[in-house]
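> Can you read through this structure? Questions will come right after.
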Amino acid sequence: MFKKKPLRINSYLGYGTTTRLRATGRALEDENINFDGNTGILRTLYNIFKQFESDEIKKAHIELKLSNGQKFSTTTDSEGYYNFDELLSNPLELTNKEEWTPYIVSYKSNSKRIIQDNIFEGKMLTPSMKASYGVISDIDDTILHTGVASFFKWRVIANTFFKNFDRRLPLEGTVQFYQELKLGKNTSPVNPIFYVSNSPWNLYDYLTAFLKKHNFPEGPILLRDFRTPFDKTPKPVAPHKQSEILNLIKIYPNLKFILIGDSGEKDADIYTDIAIKHPNRILAIYLRSVNHERKEKRIKKIINSFTTTPILLVHSSQEAEEHARKHGFIT
C-alpha cells in the first residue's frame, strides 16, 4: 500500500505543421493500468477509478527529442501537464509517409524509478498538402453510444465505469463512414480526422483503445481537464469544443472542415456559431439523432433557420454518407 510507485508519461497524439511542433502529455505515477480485452466489471472499475485518482507529477522537467536529434525542454504545470509549442528547423525530414512526426519524451532528471527505461513515444499529426478537407468529430453519442442526454447522465456513468472498451460498440456505420471521409476522393487516405470530446483526459487511454479496436482512423483525441469543486485553475472562457475547433481553423488556414456531432447537447449551437463566423471554412455539419424528442425539436428549429452551410440531422450513418457523396466529399 505504501510502496513508492514508479513514474510514467502519457503522451497524447498531437497536431501541428511542418514548421511548428505542438505536443501535449502528462507526467504521472504509474498505476499499472492495462486496457486489454475481456476485462471484467471489477477490473474495469479499478482501471477507471485509478485513471481518475491518478497522481500527477508537478514541476517535472520533461525533454522532447525528435528523430533528427533536435531537443526541447519544458516543465509540467501544477496538474502534471506539459505543453510544447516550438518552431522546427528541418521539418521535411521529420514527417513519415503517414503524415506523423514521431518523437520521444523523457524525464530530464528525476530520482524516482521510471518505467520503460524513461522512453515514451509520441507523435504529432501533420496534415498532408494533398488533403481535401479535415474532419472534426465528437465522440459521445456520435460514434460511441454514451447516453449524454439521459436523466442525470446515469447512462454515461454506467457505460463508462462498468463496461470495458472492448464491450462498447460503435454506432452503426460510423467506422465505414469515417474511413470514407479519411479517403475522400483521394487515391490514399490523407484527410486528417480530429476527435473532440468533453470527456476528461483521464479517459484518454480508454477512448484510444476503443477507437483502435474498431479500426477508426487514427487521429488526435482532444479532451479537457477534469475540474473539481476545489479546482483553483482559471475556468476556460469558451466551451472546450468551441475552443479546440477554433484552434484547428487557425492553425490550418487553408483547410476546410466537416463537423460531426449529435443532437444531445450543445453541438448544434457551437457548430453553427463557428460556421457563421467562418462561413468559407465549414463544408457541412452532421448531427446524429439521440432520439430525444424535446432536444431534437430545438435542433430542428436551429437547422430550419440556418443557411450558412449544409446541416443535417441524421438517424443513421447511411444518411450522412449519402449526403457526403451527393456533395462530392466521398466517392
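Labels for the C-alpha cells follow display order: chains A, B, ..., residues from 1 in each chain, ligands from 1.
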Can you list every residue in region 78-147 of chain A that DSSP puts in helix (DSSP H, G or I), as number ranges by chain?

A: 91-93, 115-118

> Which residues come within 9 Å of Arg288 (chain A), counting only C-alpha atoms, excluding same-chain residues fewer than 6 positions away, as an NGL selection string?

:A and (141-143 or 260-264 or 312-317 or 320)

> Neighbouring residues of Asn96 (chain A) were defined as those with any atom within 10 Å, considering only C-alpha atoms; residues of the same chain fewer than 5 positions away were excluded. Please report them as number ranges by chain.

A: 101-102, 125-126

> Of the candidates A:Lys59, A:His240, A:Arg298, A:Lys97, which one gets nearest to Val190 (chain A) if we count only C-alpha atoms?

A:Lys97

> Name all residues at most 8 Å from Ile311 (chain A) (count only C-alpha atoms; drop same-chain ones fewer than 2 positions away) and give them as a VMD selection string.

chain A and resid 284 to 287 303 306 309 313

> Atoms to include: N, CA, C and O atoms. Write the selected residues as an mmCIF file, in the first residue's frame.


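For reference, out_28.cif as written:
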```cif
data_model
loop_
_atom_site.group_PDB
_atom_site.id
_atom_site.type_symbol
_atom_site.label_atom_id
_atom_site.label_comp_id
_atom_site.auth_asym_id
_atom_site.auth_seq_id
_atom_site.Cartn_x
_atom_site.Cartn_y
_atom_site.Cartn_z
ATOM 1 N N ALA A 284 -19.732 21.176 -44.199
ATOM 2 C CA ALA A 284 -21.010 20.573 -43.810
ATOM 3 C C ALA A 284 -21.006 20.282 -42.319
ATOM 4 O O ALA A 284 -19.946 20.156 -41.696
ATOM 5 N N ILE A 285 -22.210 20.174 -41.764
ATOM 6 C CA ILE A 285 -22.395 19.813 -40.359
ATOM 7 C C ILE A 285 -23.350 18.629 -40.303
ATOM 8 O O ILE A 285 -24.462 18.693 -40.849
ATOM 9 N N TYR A 286 -22.926 17.540 -39.657
ATOM 10 C CA TYR A 286 -23.783 16.372 -39.453
ATOM 11 C C TYR A 286 -24.038 16.191 -37.964
ATOM 12 O O TYR A 286 -23.094 16.135 -37.165
ATOM 13 N N LEU A 287 -25.320 16.108 -37.597
ATOM 14 C CA LEU A 287 -25.706 15.916 -36.206
ATOM 15 C C LEU A 287 -26.486 14.609 -36.084
ATOM 16 O O LEU A 287 -27.558 14.457 -36.683
ATOM 17 N N ILE A 303 -31.771 24.228 -37.328
ATOM 18 C CA ILE A 303 -31.490 23.800 -38.702
ATOM 19 C C ILE A 303 -32.358 24.557 -39.705
ATOM 20 O O ILE A 303 -31.873 25.003 -40.759
ATOM 21 N N PHE A 306 -31.053 28.032 -40.448
ATOM 22 C CA PHE A 306 -29.620 28.140 -40.729
ATOM 23 C C PHE A 306 -29.356 27.915 -42.210
ATOM 24 O O PHE A 306 -29.728 26.872 -42.769
ATOM 25 N N THR A 309 -24.267 26.997 -44.220
ATOM 26 C CA THR A 309 -23.608 25.812 -44.767
ATOM 27 C C THR A 309 -24.557 24.632 -44.613
ATOM 28 O O THR A 309 -25.465 24.673 -43.768
ATOM 29 N N LEU A 313 -29.614 16.667 -39.736
ATOM 30 C CA LEU A 313 -29.888 15.826 -38.576
ATOM 31 C C LEU A 313 -30.112 14.418 -39.102
ATOM 32 O O LEU A 313 -31.050 14.180 -39.868
#
```

> Considering only C-alpha atoms, state which residue in the set A:Lys277, A:Lys241, A:Lys266, A:Lys108 is at the smallest distance from Glu63 (chain A).

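Looking only at the distances to Glu63 (chain A), the closest residue turns out to be A:Lys108.
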
> Tell me, as a PyMOL selection string, which residues lie within 6 Å of Ile258 (chain A), counting only C-alpha atoms; anything in the same chain fewer than 5 positions away does not count.

chain A and resi 135+282-284

> For CA of Asn186 (chain A) and CA of Gly173 (chain A), determine how far apart the two atoms are, in Å to one decimal place.

20.8 Å

> Would you mind telling me which residue in A:Lys5, A:Arg224, A:Lys182, A:Lys301 lies nearest to Val196 (chain A) when using only C-alpha atoms?

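Between A:Lys5, A:Arg224, A:Lys182, A:Lys301, the residue approaching Val196 (chain A) most closely is A:Arg224.
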
> Write out as a ChimeraX atom specification all residues of region 291-322 of chain A that backbone DSSP assigns to strand (DSSP E).

/A:311-314

> Applying 12 Å and only C-alpha atoms, which residues near Ser89 (chain A) remain after dropping the ones on its own chain fewer than 3 positions away? List them as an MDAnalysis selection string.

chainID A and resid 18:21 66 68:71 86 92:94

> Write out, as an mmCIF file, in the first residue's frame, the residues just selected, with C-alpha atoms.


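Written file, out_35.cif:
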```
data_model
loop_
_atom_site.group_PDB
_atom_site.id
_atom_site.type_symbol
_atom_site.label_atom_id
_atom_site.label_comp_id
_atom_site.auth_asym_id
_atom_site.auth_seq_id
_atom_site.Cartn_x
_atom_site.Cartn_y
_atom_site.Cartn_z
ATOM 1 C CA THR A 18 5.735 21.138 -40.933
ATOM 2 C CA THR A 19 7.288 24.131 -39.179
ATOM 3 C CA ARG A 20 5.531 24.066 -35.811
ATOM 4 C CA LEU A 21 5.830 21.336 -33.198
ATOM 5 C CA LEU A 66 12.936 14.489 -32.479
ATOM 6 C CA ASN A 68 16.897 14.356 -36.187
ATOM 7 C CA GLY A 69 18.296 14.775 -32.674
ATOM 8 C CA GLN A 70 16.760 18.184 -32.011
ATOM 9 C CA LYS A 71 15.707 18.582 -28.363
ATOM 10 C CA GLU A 86 8.160 25.107 -30.832
ATOM 11 C CA LEU A 92 10.898 17.917 -44.209
ATOM 12 C CA GLU A 93 12.975 15.089 -42.749
ATOM 13 C CA LEU A 94 10.783 14.677 -39.667
#
```

> How many Å lie between CA of Leu171 (chain A) and CA of Asn202 (chain A), rounded to one decimal?

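According to the coordinates, CA of Leu171 (chain A) and CA of Asn202 (chain A) are separated by 22.8 Å.
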
> Using only C-alpha atoms, pick whichever of A:Leu87, A:Ala60, A:Val175, A:Ile299 has the shortest atom-to-atom distance to Tyr271 (chain A).

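The shortest atom-to-atom distance to Tyr271 (chain A) comes from A:Ile299.
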
> What is the distance, in Å and to one decimal place, between CA of Glu319 (chain A) and CA of Phe194 (chain A)?

21.3 Å
